[in-house]
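Here is the structure we will look at.
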Amino acid sequence: MLTINGEPLADVVPIKRRRAVPANEVLAIFAGAPALDVDELRADLDAGIDQELPHDPLEGTGL
């Protein structure tokens, strides 16, 4: 019990946290989200990220 000048103010208790969100809550959260075009997303990522390595990271290792 938390008090001020002896007067009760609040109970101090541990916070109970959920470890998982129920599927129906997740579906409700994303119900209004726009559809994701995976092919378009891949194309955007490929266009914005250089996928080439500057050199072979295994060169000279004998592998």
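Here's how to read the names in the structure tokens: chain A, B, ... by the order shown, residue numbers from 1 in each chain, ligand numbers from 1 in the order shown.
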Can you list, as a PDB file with all heavy atoms, in the first residue's frame, all residues belonging to stretch 1-50 of chain A that DSSP tags as strand (DSSP E)?
```
ATOM      1  N   LEU A   2       0.626   2.129  -0.892  1.00  0.00           N
ATOM      2  CA  LEU A   2       1.331   3.400  -0.984  1.00  0.00           C
ATOM      3  C   LEU A   2       0.486   4.447  -0.263  1.00  0.00           C
ATOM      4  O   LEU A   2      -0.718   4.547  -0.505  1.00  0.00           O
ATOM      5  CB  LEU A   2       1.516   3.788  -2.455  1.00  0.00           C
ATOM      6  CG  LEU A   2       2.307   5.051  -2.734  1.00  0.00           C
ATOM      7  CD1 LEU A   2       3.741   4.908  -2.249  1.00  0.00           C
ATOM      8  CD2 LEU A   2       2.288   5.350  -4.215  1.00  0.00           C
ATOM      9  N   THR A   3       1.125   5.205   0.653  1.00  0.00           N
ATOM     10  CA  THR A   3       0.376   6.203   1.409  1.00  0.00           C
ATOM     11  C   THR A   3       1.056   7.559   1.341  1.00  0.00           C
ATOM     12  O   THR A   3       2.246   7.667   1.063  1.00  0.00           O
ATOM     13  CB  THR A   3       0.261   5.794   2.897  1.00  0.00           C
ATOM     14  OG1 THR A   3       1.572   5.752   3.460  1.00  0.00           O
ATOM     15  CG2 THR A   3      -0.434   4.453   3.054  1.00  0.00           C
ATOM     16  N   ILE A   4       0.292   8.592   1.598  1.00  0.00           N
ATOM     17  CA  ILE A   4       0.814   9.952   1.753  1.00  0.00           C
ATOM     18  C   ILE A   4       0.307  10.446   3.099  1.00  0.00           C
ATOM     19  O   ILE A   4      -0.910  10.505   3.336  1.00  0.00           O
ATOM     20  CB  ILE A   4       0.345  10.889   0.624  1.00  0.00           C
ATOM     21  CG1 ILE A   4       0.940  10.443  -0.714  1.00  0.00           C
ATOM     22  CG2 ILE A   4       0.727  12.331   0.939  1.00  0.00           C
ATOM     23  CD1 ILE A   4       0.572  11.332  -1.888  1.00  0.00           C
ATOM     24  N   GLU A   7      -2.279   8.333   4.686  1.00  0.00           N
ATOM     25  CA  GLU A   7      -3.539   8.110   3.962  1.00  0.00           C
ATOM     26  C   GLU A   7      -3.287   7.181   2.774  1.00  0.00           C
ATOM     27  O   GLU A   7      -2.367   7.423   1.995  1.00  0.00           O
ATOM     28  CB  GLU A   7      -4.105   9.436   3.442  1.00  0.00           C
ATOM     29  CG  GLU A   7      -4.553  10.390   4.525  1.00  0.00           C
ATOM     30  CD  GLU A   7      -5.748   9.860   5.301  1.00  0.00           C
ATOM     31  OE1 GLU A   7      -6.678   9.298   4.662  1.00  0.00           O
ATOM     32  OE2 GLU A   7      -5.741   9.971   6.534  1.00  0.00           O
ATOM     33  N   PRO A   8      -4.107   6.138   2.628  1.00  0.00           N
ATOM     34  CA  PRO A   8      -3.914   5.225   1.495  1.00  0.00           C
ATOM     35  C   PRO A   8      -4.062   5.955   0.164  1.00  0.00           C
ATOM     36  O   PRO A   8      -4.962   6.769  -0.022  1.00  0.00           O
ATOM     37  CB  PRO A   8      -5.033   4.204   1.662  1.00  0.00           C
ATOM     38  CG  PRO A   8      -5.539   4.367   3.045  1.00  0.00           C
ATOM     39  CD  PRO A   8      -5.219   5.766   3.472  1.00  0.00           C
ATOM     40  N   LEU A   9      -3.118   5.674  -0.724  1.00  0.00           N
ATOM     41  CA  LEU A   9      -3.164   6.291  -2.039  1.00  0.00           C
ATOM     42  C   LEU A   9      -3.328   5.233  -3.130  1.00  0.00           C
ATOM     43  O   LEU A   9      -4.140   5.393  -4.039  1.00  0.00           O
ATOM     44  CB  LEU A   9      -1.879   7.093  -2.288  1.00  0.00           C
ATOM     45  CG  LEU A   9      -1.741   7.744  -3.644  1.00  0.00           C
ATOM     46  CD1 LEU A   9      -2.789   8.825  -3.827  1.00  0.00           C
ATOM     47  CD2 LEU A   9      -0.355   8.321  -3.817  1.00  0.00           C
ATOM     48  N   ALA A  10      -2.586   4.129  -3.049  1.00  0.00           N
ATOM     49  CA  ALA A  10      -2.652   3.105  -4.092  1.00  0.00           C
ATOM     50  C   ALA A  10      -2.068   1.800  -3.581  1.00  0.00           C
ATOM     51  O   ALA A  10      -1.243   1.783  -2.681  1.00  0.00           O
ATOM     52  CB  ALA A  10      -1.881   3.568  -5.323  1.00  0.00           C
TER      53      ALA A  10
END
```
Original post:
Hey, can you check how far atom CA of A:Phe30 sits from atom CA of A:Arg18?
Top reply: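 Distance reported for this atom pair: 19.2 Å.
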Subject >> Residues of chain A in alpha helix (DSSP H), written as an MDAnalysis selection string >> reply: chainID A and resid 23:30 38:48
**OP:** Could you check how far atom CA of A:Glu40 sits from atom CA of A:Ala28, in Å to one decimal?
**Re:**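 Distance reported for this atom pair: 24.9 Å.
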Original post:
Between atom CA of A:Asp37 and atom CA of A:Gln51, what is the distance, to one decimal in Å?
Top reply: 21.3 Å
